[in-house]
file my_file-v4.cif (mmCIF, C-alpha atoms)
data_structure
#
loop_
_atom_site.label_atom_id
_atom_site.label_comp_id
_atom_site.auth_asym_id
_atom_site.auth_seq_id
_atom_site.Cartn_x
_atom_site.Cartn_y
_atom_site.Cartn_z
CA ILE A 1 0.00 0.00 0.00
CA VAL A 2 1.63 3.24 -1.14
CA ASN A 3 0.94 6.62 0.37
CA PRO A 4 0.31 8.89 -2.64
CA ASN A 5 1.17 12.07 -0.72
CA PRO A 6 3.57 11.39 2.16
CA HIS A 7 4.18 14.07 4.83
CA LYS A 8 6.34 14.18 7.92
CA GLY A 9 4.51 12.84 10.99
CA GLU A 10 1.56 11.66 8.97
CA VAL A 11 -0.27 8.49 9.96
CA LEU A 12 -1.30 6.31 7.03
CA VAL A 13 -4.42 4.30 7.62
CA SER A 14 -5.48 1.70 5.08
CA SER A 15 -8.01 -1.10 5.19
CA PHE A 16 -8.78 -4.24 3.25
CA GLY A 17 -11.19 -7.13 3.65
CA PHE A 18 -11.30 -10.92 3.43
CA THR A 19 -14.72 -11.26 1.77
CA ALA A 20 -13.32 -13.26 -1.13
CA ASP A 21 -11.02 -15.41 0.97
CA VAL A 22 -11.66 -18.98 1.98
CA ASP A 23 -12.87 -19.51 5.54
CA GLY A 24 -10.19 -20.46 7.98
CA THR A 25 -7.01 -19.08 9.51
CA HIS A 26 -4.85 -16.77 7.42
CA ILE A 27 -1.36 -15.38 8.12
CA VAL A 28 -0.89 -11.68 7.30
CA THR A 29 2.60 -10.20 7.15
CA PHE A 30 3.23 -6.46 6.98
CA PHE A 31 5.72 -3.64 7.59
CA ALA A 32 6.07 0.12 6.88
CA GLN A 33 8.81 1.99 5.05
CA ASP A 34 9.48 5.72 4.82
CA THR A 35 10.48 7.75 1.77
CA VAL A 36 14.22 7.29 2.34
CA GLY A 37 14.09 3.52 2.70
CA ASN A 38 13.94 3.10 6.47
CA HIS A 39 11.57 0.26 7.32
CA GLU A 40 10.39 -1.52 10.43
CA ILE A 41 10.81 -5.17 11.16
CA LEU A 42 8.42 -7.59 9.47
CA ARG A 43 5.30 -8.05 11.52
CA VAL A 44 2.99 -11.12 11.48
CA ALA A 45 -0.68 -11.41 12.42
CA THR A 46 -3.07 -14.33 12.39
CA VAL A 47 -6.57 -13.59 11.10
CA ALA A 48 -9.59 -15.97 11.22
CA VAL A 49 -11.95 -15.55 8.26
CA ASP A 50 -15.63 -16.51 8.59
CA ASN A 51 -17.88 -15.89 5.57
CA THR A 52 -20.31 -18.77 6.33
CA ALA A 53 -23.85 -18.17 7.61
CA PRO A 54 -25.34 -20.17 10.50
CA LEU A 55 -27.63 -23.16 10.04
CA THR A 56 -31.11 -23.18 11.67
CA LEU A 57 -33.37 -26.21 12.14
CA LEU A 58 -36.98 -26.53 13.31
CA ALA A 59 -37.53 -28.86 16.28
CA VAL A 60 -40.84 -30.26 17.52
CA ASP A 61 -41.57 -31.22 21.14
CA GLY A 62 -44.90 -32.92 21.77
CA PRO A 63 -47.63 -34.58 19.72
CA SER A 64 -46.96 -34.46 15.99
CA GLY A 65 -47.31 -36.44 12.81
CA PHE A 66 -47.36 -36.22 9.03
CA ASN A 67 -50.56 -36.34 7.01
CA ALA A 68 -51.09 -38.03 3.64
CA GLN A 69 -49.48 -35.04 1.90
CA ASN A 70 -46.41 -35.37 4.16
CA HIS A 71 -47.16 -32.06 5.88
CA LEU A 72 -46.19 -31.64 9.52
CA VAL A 73 -49.24 -31.66 11.82
CA VAL A 74 -49.14 -30.48 15.45
CA SER A 75 -51.60 -29.85 18.25
CA THR A 76 -52.20 -26.91 20.57
CA ARG A 77 -50.01 -28.76 23.12
CA THR A 78 -47.05 -29.09 20.74
CA LEU A 79 -44.08 -26.77 21.28
CA LEU A 80 -41.94 -25.59 18.38
CA SER A 81 -38.36 -24.42 18.80
CA LEU A 82 -35.51 -23.30 16.57
CA SER A 83 -32.05 -24.77 16.94
CA ALA A 84 -29.25 -22.74 15.34
CA GLN A 85 -25.50 -23.25 15.10
CA ASP A 86 -22.71 -21.22 13.56
CA LEU A 87 -20.91 -24.09 11.92
CA LEU A 88 -17.13 -24.32 11.87
CA ALA A 89 -15.69 -23.75 8.40
CA SER A 90 -12.05 -24.75 8.15
CA GLY A 91 -11.98 -24.58 11.94
CA THR A 92 -13.33 -21.02 12.11
CA ALA A 93 -16.66 -19.59 13.33
CA SER A 94 -17.50 -16.17 14.76
CA GLY A 95 -20.40 -17.45 16.86
CA LEU A 96 -24.18 -17.17 16.67
CA LYS A 97 -25.67 -13.74 17.26
CA GLU A 98 -29.44 -14.31 16.94
CA THR A 99 -32.25 -16.36 15.42
CA LEU A 100 -35.36 -14.65 14.09
CA TYR A 101 -38.77 -15.98 13.05
CA ARG A 102 -42.27 -14.93 12.06
CA LEU A 103 -45.59 -16.69 11.61
CA GLN A 104 -47.91 -16.26 8.69
CA GLY A 105 -49.64 -12.89 9.05
CA ASP A 106 -46.81 -11.24 10.99
CA VAL A 107 -45.09 -8.31 9.28
CA ASP A 108 -41.84 -8.25 11.27
CA PHE A 109 -39.49 -10.99 12.41
CA SER A 110 -39.08 -11.55 16.16
CA VAL A 111 -35.99 -12.75 18.00
CA PHE A 112 -36.44 -16.38 19.03
CA SER A 113 -35.94 -16.85 22.78
CA SER A 114 -38.02 -19.86 23.84
CA SER A 115 -40.25 -22.59 22.44
CA PHE A 116 -43.79 -21.67 21.45
CA ALA A 117 -47.12 -23.24 20.42
CA LEU A 118 -48.99 -22.28 17.28
CA PRO A 119 -51.90 -19.93 17.98
CA SER A 120 -55.52 -20.60 17.01
CA PRO A 121 -57.38 -20.97 14.72
CA GLN A 122 -56.46 -24.40 13.44
CA GLY A 123 -55.30 -24.94 9.88
CA ALA A 124 -52.17 -24.56 7.76
CA LYS A 125 -49.64 -21.94 8.85
CA THR A 126 -46.29 -20.85 7.44
CA LEU A 127 -43.29 -20.42 9.73
CA GLU A 128 -40.27 -18.46 8.41
CA PHE A 129 -36.92 -18.30 10.21
CA TYR A 130 -33.21 -17.57 9.81
CA SER A 131 -30.08 -16.82 11.87
CA ARG A 132 -27.06 -14.51 11.65
CA ASP A 133 -23.64 -14.73 13.24
CA ASN A 134 -21.50 -12.12 14.99
CA LEU A 135 -19.95 -10.97 11.71
CA GLY A 136 -23.32 -10.38 10.05
CA ASN A 137 -23.29 -13.50 7.88
CA THR A 138 -27.01 -14.10 7.39
CA GLU A 139 -28.74 -17.35 6.55
CA VAL A 140 -31.20 -17.50 3.66
CA ILE A 141 -34.76 -17.36 5.07
CA LYS A 142 -36.25 -20.81 5.50
CA SER A 143 -39.97 -21.59 5.29
CA SER A 144 -41.86 -24.50 6.84
CA ALA A 145 -45.56 -25.31 6.47
CA VAL A 146 -47.12 -26.52 9.73
CA ILE A 147 -50.75 -27.57 10.26
CA LEU A 148 -52.41 -26.92 13.62
CA ASP A 149 -54.99 -29.66 14.27
CA ALA A 150 -57.38 -29.20 17.18
CA ALA A 151 -60.20 -31.39 15.81
CA VAL A 152 -61.06 -34.74 17.38
CA PRO A 153 -61.71 -37.82 15.21
CA GLN A 154 -65.24 -38.36 13.91
CA ILE A 155 -67.18 -41.48 14.94
CA THR A 156 -70.43 -42.60 13.29
CA PHE A 157 -72.53 -45.65 14.19
CA VAL A 158 -74.04 -48.07 11.69
CA SER A 159 -75.40 -50.82 13.94
CA PRO A 160 -76.96 -51.81 16.27
CA ASN A 161 -79.70 -49.23 15.96
CA PRO A 162 -80.96 -47.37 19.05
CA GLY A 163 -84.01 -49.09 20.51
CA ALA A 164 -83.34 -52.38 18.72
CA VAL A 165 -84.24 -55.65 20.50
CA PHE A 166 -82.24 -58.84 19.97
CA ILE A 167 -83.68 -62.19 21.02
CA ALA A 168 -81.09 -64.76 22.07
CA SER A 169 -80.84 -67.91 19.90
CA THR A 170 -82.93 -66.13 17.26
CA ASP A 171 -81.11 -62.87 16.44
CA VAL A 172 -77.48 -62.04 15.85
CA LEU A 173 -76.05 -58.68 16.88
CA PRO A 174 -74.06 -56.91 14.10
CA ILE A 175 -71.42 -54.34 15.08
CA GLY A 176 -70.82 -51.47 12.69
CA PHE A 177 -69.14 -48.05 13.05
CA ASN A 178 -66.79 -45.72 11.17
CA VAL A 179 -63.84 -43.68 12.50
CA SER A 180 -62.22 -40.89 10.47
CA ASP A 181 -59.99 -37.87 11.05
CA ASN A 182 -59.30 -34.68 9.13
CA GLU A 183 -55.50 -35.20 9.14
CA ASP A 184 -54.70 -38.69 10.47
CA SER A 185 -55.58 -41.38 7.94
CA SER A 186 -55.39 -44.13 10.58
CA PRO A 187 -56.54 -42.89 14.01
CA VAL A 188 -56.25 -45.37 16.86
CA PHE A 189 -59.57 -46.55 18.31
CA ASP A 190 -61.17 -49.19 20.50
CA ALA A 191 -64.78 -50.25 20.89
CA HIS A 192 -66.76 -52.01 23.64
CA LEU A 193 -70.29 -53.17 24.23
CA VAL A 194 -71.16 -51.84 27.68
CA GLN A 195 -74.13 -53.09 29.72
CA ILE A 196 -75.92 -50.21 31.40
CA GLU A 197 -78.78 -52.26 32.96
CA ASP A 198 -78.87 -55.95 33.91
CA ARG A 199 -82.16 -57.66 33.31
CA GLY A 200 -83.61 -61.16 33.26
CA SER A 201 -81.39 -64.12 34.06
CA PRO A 202 -78.38 -63.83 36.41
CA ARG A 203 -75.20 -62.55 34.78
CA GLY A 204 -73.13 -65.57 35.71
CA VAL A 205 -69.75 -65.50 33.93
CA CYS A 206 -70.90 -62.99 31.32
CA SER A 207 -68.96 -59.71 31.27
CA ALA A 208 -70.58 -56.26 31.43
CA SER A 209 -67.98 -54.90 28.94
CA ILE A 210 -67.02 -56.70 25.75
CA ALA A 211 -64.35 -55.60 23.26
CA VAL A 212 -65.69 -55.59 19.70
CA SER A 213 -64.70 -54.49 16.20
CA SER A 214 -66.62 -53.08 13.28
CA GLY A 215 -67.97 -55.82 11.04
CA GLN A 216 -68.14 -58.33 13.87
CA VAL A 217 -71.34 -60.36 14.31
CA ILE A 218 -72.17 -61.55 17.83
CA ASN A 219 -74.53 -64.31 18.88
CA SER A 220 -77.02 -62.67 21.24
CA LEU A 221 -76.83 -65.69 23.50
CA ASP A 222 -73.11 -65.01 24.13
CA ILE A 223 -73.79 -61.81 26.08
CA ASP A 224 -75.88 -61.17 29.16
CA ASP A 225 -79.47 -60.06 28.74
CA GLY A 226 -80.19 -56.43 29.54
CA ILE A 227 -79.73 -52.94 28.14
CA TRP A 228 -76.50 -52.27 26.24
CA GLN A 229 -74.68 -49.48 24.41
CA LEU A 230 -71.81 -49.44 21.92
CA GLN A 231 -68.95 -47.21 23.12
CA VAL A 232 -66.14 -46.17 20.76
CA SER A 233 -63.03 -44.12 21.68
CA ALA A 234 -60.62 -42.70 19.08
CA THR A 235 -57.32 -40.76 19.18
CA ASP A 236 -55.40 -39.19 16.30
CA PHE A 237 -51.62 -38.86 15.98
CA VAL A 238 -51.53 -35.47 17.76
CA LEU A 239 -53.54 -36.95 20.68
CA ASN A 240 -56.88 -35.28 19.96
CA SER A 241 -59.31 -37.82 21.41
CA THR A 242 -63.02 -38.44 21.84
CA THR A 243 -65.44 -41.07 23.12
CA VAL A 244 -68.92 -41.53 21.63
CA VAL A 245 -71.72 -43.75 22.94
CA SER A 246 -74.52 -45.15 20.79
CA GLY A 247 -78.20 -45.27 21.63
CA ALA A 248 -79.31 -48.11 23.92
CA PHE A 249 -80.52 -51.48 22.66
CA GLU A 250 -81.78 -54.59 24.45
CA VAL A 251 -80.76 -58.21 24.52
CA ILE A 252 -83.41 -60.72 25.72
CA HIS A 253 -82.74 -64.31 26.68
CA ASP A 254 -85.90 -66.26 25.95
CA ASN A 255 -85.00 -69.94 25.82
CA LEU A 256 -88.14 -71.43 27.45
CA ALA A 257 -91.06 -72.79 25.44
CA PRO A 258 -94.54 -71.69 26.48
CA ARG A 259 -96.23 -73.81 29.17
CA THR A 260 -99.93 -74.60 29.11
CA THR A 261 -101.93 -75.87 32.07
CA LEU A 262 -105.47 -77.28 32.16
CA SER A 263 -107.70 -76.28 35.02
CA LEU A 264 -110.98 -78.09 35.80
CA GLY A 265 -113.73 -76.27 37.62
CA ALA A 266 -116.09 -77.83 40.22
CA LEU A 267 -119.32 -79.55 39.07
CA ARG A 268 -122.41 -77.38 39.19
CA TYR A 269 -125.99 -78.36 40.00
CA GLY A 270 -127.75 -79.93 37.04
CA GLN A 271 -124.55 -80.88 35.23
CA GLU A 272 -123.78 -84.48 34.46
CA PRO A 273 -120.53 -85.69 35.85
#

call {"tool": "encode", "arguments": {"input": "my_file-v4.cif", "output": "structure tokens"}}
result
Amino acid sequence: IVNPNPHKGEVLVSSFGFTADVDGTHIVTFFAQDTVGNHEILRVATVAVDNTAPLTLLAVDGPSGFNAQNHLVVSTRTLLSLSAQDLLASGTASGLKETLYRLQGDVDFSVFSSSFALPSPQGAKTLEFYSRDNLGNTEVIKSSAVILDAAVPQITFVSPNPGAVFIASTDVLPIGFNVSDNEDSSPVFDAHLVQIEDRGSPRGVCSASIAVSSGQVINSLDIDDGIWQLQVSATDFVLNSTTVVSGAFEVIHDNLAPRTTLSLGALRYGQEP
């Protein structure tokens, strides 16, 4: 670096950057010389160059899953967080300064400080985020689509019908119901026949709660007589759950044939024996 207009006692200040240099440690050597050839000893400095932006990842803590379109689905109980790191490049990194994010509808980015849940209403939301390091290297803004699901699975009953009566040894009891969910294609469910009133013959070894499945056909004689309901519980992959109970129906055990008795009255006056 040459001073174009040297003067006695003048301090020459010059600057240069490392923006085009490869990340890592660089050795810089330098010295100064006056107009008559006097120069100082050679000086050496070590400079670390960092031109690499941080890397930010989205982390999920709590109920979550992926729908049929491979979109991330979370619940109101799910916490989202951002994990950022200023990666070493050739052994050099200036350190992370901050991570910023914004949700769909927000104008400005906010500094990320702690995990957060998606606000209502439910539905698809876009989360944008990025980080910068202490030298101002800034990550390209990332975007992630996240669906907030607060809806419980839907349960509909097919059979038995409310108010139906099933006679043991004559009728069979068909079980039919459907379970669906707006995001989870395979919600977990279980179903039971539950006796709510015992009638007729003693229960004996018969249970008051029987696990069943849709499409199953039960012999009415295999369950205790009385009033029953079909109870179905379902949970989706973000733990939204519900329990639905059908209308009541009755099972009757009638295994005895009718009995007829003959009664003879007393003879009356004037009647032949």

call {"tool": "closest_residue", "arguments": {"input": "my_file-v4.cif", "among": "A:Asn67, A:Asn134, A:Ser120, A:Thr29", "to": "Lys97 of chain A", "atoms": "only C-alpha atoms"}}
result
A:Asn134

call {"tool": "residues_around", "arguments": {"input": "my_file-v4.cif", "residues": "segment 142-159 of chain A", "least_positions_apart": "6", "cutoff": "7 Å", "atoms": "only C-alpha atoms", "output": "CSV table (one decimal) with C-alpha atoms, in the frame of the given file"}}
result
chain,number,residue,atom,x,y,z
A,71,HIS,CA,-47.2,-32.1,5.9
A,72,LEU,CA,-46.2,-31.6,9.5
A,73,VAL,CA,-49.2,-31.7,11.8
A,74,VAL,CA,-49.1,-30.5,15.4
A,75,SER,CA,-51.6,-29.8,18.2
A,76,THR,CA,-52.2,-26.9,20.6
A,118,LEU,CA,-49.0,-22.3,17.3
A,122,GLN,CA,-56.5,-24.4,13.4
A,123,GLY,CA,-55.3,-24.9,9.9
A,124,ALA,CA,-52.2,-24.6,7.8
A,125,LYS,CA,-49.6,-21.9,8.8
A,126,THR,CA,-46.3,-20.8,7.4
A,127,LEU,CA,-43.3,-20.4,9.7
A,128,GLU,CA,-40.3,-18.5,8.4
A,129,PHE,CA,-36.9,-18.3,10.2
A,130,TYR,CA,-33.2,-17.6,9.8
A,174,PRO,CA,-74.1,-56.9,14.1
A,175,ILE,CA,-71.4,-54.3,15.1
A,176,GLY,CA,-70.8,-51.5,12.7
A,177,PHE,CA,-69.1,-48.0,13.0
A,178,ASN,CA,-66.8,-45.7,11.2
A,179,VAL,CA,-63.8,-43.7,12.5
A,180,SER,CA,-62.2,-40.9,10.5
A,181,ASP,CA,-60.0,-37.9,11.0
A,234,ALA,CA,-60.6,-42.7,19.1
A,235,THR,CA,-57.3,-40.8,19.2
A,236,ASP,CA,-55.4,-39.2,16.3
A,240,ASN,CA,-56.9,-35.3,20.0
A,241,SER,CA,-59.3,-37.8,21.4
A,242,THR,CA,-63.0,-38.4,21.8
A,244,VAL,CA,-68.9,-41.5,21.6
A,246,SER,CA,-74.5,-45.2,20.8

call {"tool": "residues_around", "arguments": {"input": "my_file-v4.cif", "residues": "Val111 of chain A", "least_positions_apart": "4", "cutoff": "12 Å", "atoms": "all atoms listed in the file", "output": "PyMOL selection string"}}
result
chain A and resi 81-82+97-102+115+128-132

call {"tool": "residues_around", "arguments": {"input": "my_file-v4.cif", "residues": "Asp133 of chain A", "least_positions_apart": "2", "cutoff": "8 Å", "atoms": "all atoms listed in the file", "output": "list of chain:residue names"}}
result
A:Ala53, A:Pro54, A:Asp86, A:Ser94, A:Gly95, A:Leu96, A:Lys97, A:Glu98, A:Ser131, A:Leu135, A:Gly136, A:Asn137, A:Thr138

call {"tool": "atom_distance", "arguments": {"input": "my_file-v4.cif", "atom1": "atom CA of Gly200 of chain A", "atom2": "atom CA of Val217 of chain A"}}
result
22.6 Å

call {"tool": "atom_distance", "arguments": {"input": "my_file-v4.cif", "atom1": "atom CA of Thr52 of chain A", "atom2": "atom CA of Val140 of chain A"}}
result
11.3 Å

call {"tool": "resolve_selection", "arguments": {"input": "my_file-v4.cif", "expression": "the PyMOL selection byres ((chain A and resi 211) around 8)", "output": "NGL selection string"}}
result
:A and (190-193 or 209-210 or 212-213)

call {"tool": "closest_residue", "arguments": {"input": "my_file-v4.cif", "among": "A:Thr78, A:Asp171, A:Gln195, A:Leu87", "to": "Gly65 of chain A", "atoms": "all atoms listed in the file"}}
result
A:Thr78

call {"tool": "atom_distance", "arguments": {"input": "my_file-v4.cif", "atom1": "atom CA of His26 of chain A", "atom2": "atom CA of Val13 of chain A"}}
result
21.1 Å

call {"tool": "closest_residue", "arguments": {"input": "my_file-v4.cif", "among": "A:Ala68, A:Cys206, A:Val251, A:Ala32", "to": "Ser185 of chain A", "atoms": "all atoms listed in the file"}}
result
A:Ala68

call {"tool": "closest_residue", "arguments": {"input": "my_file-v4.cif", "among": "A:Thr56, A:Ser169, A:Ser233, A:Asn182", "to": "Leu221 of chain A", "atoms": "all atoms listed in the file"}}
result
A:Ser169

call {"tool": "closest_residue", "arguments": {"input": "my_file-v4.cif", "among": "A:Glu197, A:Ala48, A:Val2, A:Glu40", "to": "Ile27 of chain A", "atoms": "all atoms listed in the file"}}
result
A:Ala48

call {"tool": "resolve_selection", "arguments": {"input": "my_file-v4.cif", "expression": "the PyMOL selection byres ((chain A and resi 35) around 10)", "output": "list of chain:residue names"}}
result
A:Asn3, A:Pro6, A:His7, A:Lys8, A:Gln33, A:Asp34, A:Val36, A:Gly37, A:Asn38, A:His39

call {"tool": "residues_around", "arguments": {"input": "my_file-v4.cif", "residues": "Ile227 of chain A", "least_positions_apart": "2", "cutoff": "12 Å", "atoms": "all atoms listed in the file", "output": "list of chain:residue names"}}
result
A:Pro162, A:Gly163, A:Ala164, A:Val165, A:Phe166, A:Leu193, A:Val194, A:Gln195, A:Ile196, A:Glu197, A:Asp198, A:Arg199, A:Gly200, A:Ala208, A:Ser209, A:Ile223, A:Asp224, A:Asp225, A:Gln229, A:Leu230, A:Ser246, A:Gly247, A:Ala248, A:Phe249, A:Glu250, A:Val251, A:Ile252, A:His253

call {"tool": "closest_residue", "arguments": {"input": "my_file-v4.cif", "among": "A:Gln104, A:Gly215, A:Val60, A:Trp228", "to": "Asn161 of chain A", "atoms": "all atoms listed in the file"}}
result
A:Trp228
